[in-house]
Amino acid sequence: MIEELDQRSREIFREIVETFFETGDPVGSRTLSRRLPVKLSPASIRNVMADLEDLGLLYAPHTSAGRLPTERGVRLFVDGLLQIGELNSEERDRIESQCAGNGRSLTEVLHQATDMLSGLSRATGLVLAPKSEAPVKHVEFVPLSPGKALAIMVVVTGLVENRLIELPQGFTPAALTEAANYLNARLSGRTLTEAHASVSAELEAHTAQLDALATKVVEAGIATWSGDGDESMLILRGRDKMFEDVNAVADLERIRALFESLERKNSLLRLIDSTQGGEGVHVFIGAESRLFDLAGCSMIVAPLAGANRDDGAAKPVGAIGVIGPTRINYARIIPMVDYTARAVSRLMG
């Protein structure tokens with residue numbers, strides 16, 4: 001539709017949307033006559049605004065003389081007129097540092113990445129992701145209190161997963177070392193999922209060259225690392241930012257209902273699934289998604305890619321992004337979400 005607008009209509013439409021993004025207020029013809037780079041009378045501007053309203057791109061809220069973009073108008077602007085910004089080196093460095101493994105668990109990295117996105121975007125950060133499927137680099141068991149040990153698994157991306165395990169009675173340091181050596185020989189360079197079945201089969205067939213105590217330690221380690229299941233992890237940070245510009249009680253209730261729906265994950269999972277067919281950032285605006293049809297919000301999200309599939313393409317395993325009002329700063333946030341998704345995906349490979 002953007003091609004159907006003449007240059008004057010495009011300039012007026014652009015100015016209305018950008019002013020709305022800045023202030024959140026309706027934009028009138030007198031304000032536009034002062035802001036436009038070309039000199040136009042308020043009457044001429046009102047005629048163009050009326051045409052844009054007939055096209056479903058603008059509307060007049062209540063009895064205001066000003067106009068606001070409709071969700072259809074915001075979509076047209078994002079797809080056809082938005083000039084995407086670029087991250088500066090400081091922002092890229094901050095994202096890289098927050099998304100680096102550096103001995104942290106995947107959960108810790110995802111929480112910090114989501115916090116960072118929320119802070120930089122002044123919106124609600126979200127991530128939906130399973131556990132990492134990166135190849136294992138090293139396994140170790142560290143004795144703690146009597147009957148307990150810390151099972152440590154380091155993956156090639158630098159992430160570390162620590163789990164507390166129960167030790168069998170009569171365990172010895174030698175049994176822990178033997179169990180770690182056994183697992184390192186079979187897990188190194190393979191994902192836990194890839195190695196789990198073969199290790200379990202070897203233990204069940206009693207073909208592993210392990211004593212009884214070391215066998216129990218291996219079983220405990222494999223069980224605790226594999227016990228997370230396939231349930232996706234949902235993290236939402238900065239929820240309070242969604243309420244900052246809300247005054248009406250009805251709007252508050254709609255946003256609370258949105259968060260309740262997000263917590264159930266089903267609607268979000270279906271929405272995220274629709275991003276899995278392609279790379280890059282996806283923007284959902286208002287009623288384009290049933291998830292946001294009442295809340296009047298937008299979601300900017302990019303898929304997280306895990307290990308490569310047989311065809312060499314990265315397999316989408318989740319998503320990361322932000323949720324905010326429809327006047328969210330798309331130009332700034334789209335590259336931010338894209339860069340963060342790429343950084344996190346490298347950890348999850």
# chains A, B, ... in the order shown; residues from 1 in each chain; ligands from 1

call {"tool": "closest_atom_pairs", "arguments": {"of": "region 116-158 of chain A", "to": "region 298-303 of chain A", "cutoff": "12 Å", "atoms": "only C-alpha atoms", "output": "CSV"}}
result
residue,atom,partner,partner_atom,distance
A:Leu117,CA,A:Ile300,CA,11.1
A:Ser118,CA,A:Ile300,CA,12.0
A:Ser121,CA,A:Ile300,CA,10.7
A:Ala123,CA,A:Met299,CA,9.9
A:Thr124,CA,A:Met299,CA,9.4
A:Gly125,CA,A:Met299,CA,9.7
A:Leu126,CA,A:Val301,CA,8.7
A:Val127,CA,A:Val301,CA,8.9
A:Leu128,CA,A:Pro303,CA,9.3
A:Ala129,CA,A:Pro303,CA,9.5

call {"tool": "select_by_dssp", "arguments": {"residues": "region 57-228 of chain A", "states": "strand (DSSP E)", "output": "PyMOL selection string"}}
result
chain A and resi 58-59+68-69+124-129+136-143+148-155+160-166

call {"tool": "write_last_selection", "arguments": {"atoms": "C-alpha atoms", "output": "PDB file, in the first residue's frame"}}
result
ATOM      1  CA  LEU A  58      -5.230   6.852  10.952  1.00  0.00           C
ATOM      2  CA  TYR A  59      -8.079   7.367  13.405  1.00  0.00           C
ATOM      3  CA  LEU A  68      -3.204   8.503  15.772  1.00  0.00           C
ATOM      4  CA  PRO A  69      -1.982   5.646  13.590  1.00  0.00           C
ATOM      5  CA  THR A 124       9.404  -6.252  28.958  1.00  0.00           C
ATOM      6  CA  GLY A 125      12.131  -8.688  27.949  1.00  0.00           C
ATOM      7  CA  LEU A 126      11.238 -12.298  27.253  1.00  0.00           C
ATOM      8  CA  VAL A 127      12.971 -15.509  26.289  1.00  0.00           C
ATOM      9  CA  LEU A 128      11.549 -18.924  25.568  1.00  0.00           C
ATOM     10  CA  ALA A 129      14.190 -21.624  25.273  1.00  0.00           C
ATOM     11  CA  VAL A 136      30.026 -31.526  26.210  1.00  0.00           C
ATOM     12  CA  LYS A 137      33.632 -30.506  26.852  1.00  0.00           C
ATOM     13  CA  HIS A 138      34.298 -31.811  30.346  1.00  0.00           C
ATOM     14  CA  VAL A 139      32.627 -33.548  33.285  1.00  0.00           C
ATOM     15  CA  GLU A 140      33.698 -33.488  36.914  1.00  0.00           C
ATOM     16  CA  PHE A 141      32.352 -34.594  40.302  1.00  0.00           C
ATOM     17  CA  VAL A 142      33.294 -32.562  43.392  1.00  0.00           C
ATOM     18  CA  PRO A 143      32.546 -34.063  46.840  1.00  0.00           C
ATOM     19  CA  LYS A 148      26.521 -35.335  48.350  1.00  0.00           C
ATOM     20  CA  ALA A 149      28.586 -34.136  45.409  1.00  0.00           C
ATOM     21  CA  LEU A 150      28.433 -31.421  42.795  1.00  0.00           C
ATOM     22  CA  ALA A 151      28.127 -32.770  39.262  1.00  0.00           C
ATOM     23  CA  ILE A 152      29.716 -30.229  36.907  1.00  0.00           C
ATOM     24  CA  MET A 153      29.273 -30.327  33.137  1.00  0.00           C
ATOM     25  CA  VAL A 154      31.087 -27.800  30.939  1.00  0.00           C
ATOM     26  CA  VAL A 155      30.007 -27.456  27.287  1.00  0.00           C
ATOM     27  CA  VAL A 160      28.529 -24.649  32.965  1.00  0.00           C
ATOM     28  CA  GLU A 161      25.724 -26.772  34.414  1.00  0.00           C
ATOM     29  CA  ASN A 162      25.998 -27.673  38.102  1.00  0.00           C
ATOM     30  CA  ARG A 163      23.767 -30.240  39.751  1.00  0.00           C
ATOM     31  CA  LEU A 164      23.713 -31.561  43.317  1.00  0.00           C
ATOM     32  CA  ILE A 165      23.621 -35.382  43.387  1.00  0.00           C
ATOM     33  CA  GLU A 166      23.226 -37.993  46.108  1.00  0.00           C
TER      34      GLU A 166
END

call {"tool": "select_by_dssp", "arguments": {"residues": "region 92-296 of chain A", "states": "alpha helix (DSSP H)", "output": "number ranges by chain"}}
result
A: 92-98, 106-121, 173-187, 192-204, 212-226, 249-264, 266-273

call {"tool": "closest_residue", "arguments": {"among": "A:Gly296, A:Gln209, A:Ile2, A:Glu108", "to": "Asp79 (chain A)", "atoms": "only C-alpha atoms"}}
result
A:Ile2

call {"tool": "closest_atom_pairs", "arguments": {"of": "region 62-178 of chain A", "to": "region 32-52 of chain A", "cutoff": "12 Å", "atoms": "only C-alpha atoms", "output": "Markdown table"}}
result
| residue | atom | partner | partner_atom | distance |
| --- | --- | --- | --- | --- |
| A:Ala65 | CA | A:Arg46 | CA | 9.8 |
| A:Gly66 | CA | A:Met49 | CA | 9.5 |
| A:Arg67 | CA | A:Met49 | CA | 7.8 |
| A:Leu68 | CA | A:Met49 | CA | 10.1 |
| A:Pro69 | CA | A:Leu52 | CA | 9.4 |
| A:Thr70 | CA | A:Leu52 | CA | 10.3 |
| A:Arg72 | CA | A:Leu52 | CA | 11.3 |
| A:Gly73 | CA | A:Leu52 | CA | 9.1 |
| A:Leu76 | CA | A:Leu52 | CA | 11.8 |

call {"tool": "residues_around", "arguments": {"residues": "Ser345 (chain A)", "least_positions_apart": "4", "cutoff": "6 Å", "atoms": "only C-alpha atoms", "output": "PDB file with N, CA and C atoms, in the first residue's frame"}}
result
ATOM      1  N   LEU A 304      15.818 -18.342  18.329  1.00  0.00           N
ATOM      2  CA  LEU A 304      17.097 -18.853  18.808  1.00  0.00           C
ATOM      3  C   LEU A 304      17.383 -20.147  18.063  1.00  0.00           C
ATOM      4  N   ALA A 305      18.584 -20.280  17.560  1.00  0.00           N
ATOM      5  CA  ALA A 305      18.943 -21.466  16.783  1.00  0.00           C
ATOM      6  C   ALA A 305      19.854 -22.360  17.598  1.00  0.00           C
ATOM      7  N   ALA A 341      19.860 -12.306  19.866  1.00  0.00           N
ATOM      8  CA  ALA A 341      19.473 -13.657  19.474  1.00  0.00           C
ATOM      9  C   ALA A 341      20.653 -14.414  18.873  1.00  0.00           C
TER      10      ALA A 341
END

call {"tool": "closest_residue", "arguments": {"among": "A:Leu236, A:Leu82, A:Pro168, A:Phe77", "to": "Glu263 (chain A)", "atoms": "only C-alpha atoms"}}
result
A:Leu236

call {"tool": "decode", "arguments": {"residues": "region 157-173 of chain A", "atoms": "N, CA and C atoms", "output": "PDB file, in the first residue's frame"}}
result
ATOM      1  N   THR A 157      30.741 -24.228  24.496  1.00  0.00           N
ATOM      2  CA  THR A 157      30.489 -22.786  24.380  1.00  0.00           C
ATOM      3  C   THR A 157      30.863 -22.025  25.642  1.00  0.00           C
ATOM      4  N   GLY A 158      31.299 -22.742  26.698  1.00  0.00           N
ATOM      5  CA  GLY A 158      31.686 -22.084  27.937  1.00  0.00           C
ATOM      6  C   GLY A 158      30.633 -22.116  29.018  1.00  0.00           C
ATOM      7  N   LEU A 159      29.430 -22.587  28.702  1.00  0.00           N
ATOM      8  CA  LEU A 159      28.387 -22.712  29.719  1.00  0.00           C
ATOM      9  C   LEU A 159      28.729 -23.827  30.690  1.00  0.00           C
ATOM     10  N   VAL A 160      28.296 -23.647  31.923  1.00  0.00           N
ATOM     11  CA  VAL A 160      28.529 -24.649  32.965  1.00  0.00           C
ATOM     12  C   VAL A 160      27.202 -25.008  33.614  1.00  0.00           C
ATOM     13  N   GLU A 161      26.922 -26.306  33.719  1.00  0.00           N
ATOM     14  CA  GLU A 161      25.724 -26.772  34.414  1.00  0.00           C
ATOM     15  C   GLU A 161      26.152 -27.521  35.665  1.00  0.00           C
ATOM     16  N   ASN A 162      25.694 -27.040  36.821  1.00  0.00           N
ATOM     17  CA  ASN A 162      25.998 -27.673  38.102  1.00  0.00           C
ATOM     18  C   ASN A 162      24.755 -28.328  38.672  1.00  0.00           C
ATOM     19  N   ARG A 163      24.884 -29.536  39.134  1.00  0.00           N
ATOM     20  CA  ARG A 163      23.767 -30.240  39.751  1.00  0.00           C
ATOM     21  C   ARG A 163      24.249 -30.930  41.029  1.00  0.00           C
ATOM     22  N   LEU A 164      23.416 -30.865  42.073  1.00  0.00           N
ATOM     23  CA  LEU A 164      23.713 -31.561  43.317  1.00  0.00           C
ATOM     24  C   LEU A 164      23.192 -32.991  43.210  1.00  0.00           C
ATOM     25  N   ILE A 165      24.044 -33.982  43.480  1.00  0.00           N
ATOM     26  CA  ILE A 165      23.621 -35.382  43.387  1.00  0.00           C
ATOM     27  C   ILE A 165      23.865 -36.097  44.707  1.00  0.00           C
ATOM     28  N   GLU A 166      23.055 -37.127  44.944  1.00  0.00           N
ATOM     29  CA  GLU A 166      23.226 -37.993  46.108  1.00  0.00           C
ATOM     30  C   GLU A 166      24.263 -39.058  45.777  1.00  0.00           C
ATOM     31  N   LEU A 167      25.188 -39.289  46.700  1.00  0.00           N
ATOM     32  CA  LEU A 167      26.222 -40.301  46.488  1.00  0.00           C
ATOM     33  C   LEU A 167      25.863 -41.595  47.214  1.00  0.00           C
ATOM     34  N   PRO A 168      26.266 -42.745  46.649  1.00  0.00           N
ATOM     35  CA  PRO A 168      25.989 -44.021  47.315  1.00  0.00           C
ATOM     36  C   PRO A 168      26.805 -44.164  48.598  1.00  0.00           C
ATOM     37  N   GLN A 169      26.307 -44.939  49.507  1.00  0.00           N
ATOM     38  CA  GLN A 169      27.043 -45.178  50.754  1.00  0.00           C
ATOM     39  C   GLN A 169      28.385 -45.835  50.444  1.00  0.00           C
ATOM     40  N   GLY A 170      29.411 -45.397  51.179  1.00  0.00           N
ATOM     41  CA  GLY A 170      30.727 -45.984  51.008  1.00  0.00           C
ATOM     42  C   GLY A 170      31.506 -45.451  49.828  1.00  0.00           C
ATOM     43  N   PHE A 171      31.042 -44.346  49.231  1.00  0.00           N
ATOM     44  CA  PHE A 171      31.747 -43.831  48.052  1.00  0.00           C
ATOM     45  C   PHE A 171      33.158 -43.396  48.444  1.00  0.00           C
ATOM     46  N   THR A 172      34.044 -43.390  47.468  1.00  0.00           N
ATOM     47  CA  THR A 172      35.422 -42.961  47.667  1.00  0.00           C
ATOM     48  C   THR A 172      35.777 -41.928  46.606  1.00  0.00           C
ATOM     49  N   PRO A 173      36.777 -41.096  46.872  1.00  0.00           N
ATOM     50  CA  PRO A 173      37.232 -40.162  45.835  1.00  0.00           C
ATOM     51  C   PRO A 173      37.626 -40.882  44.546  1.00  0.00           C
TER      52      PRO A 173
END
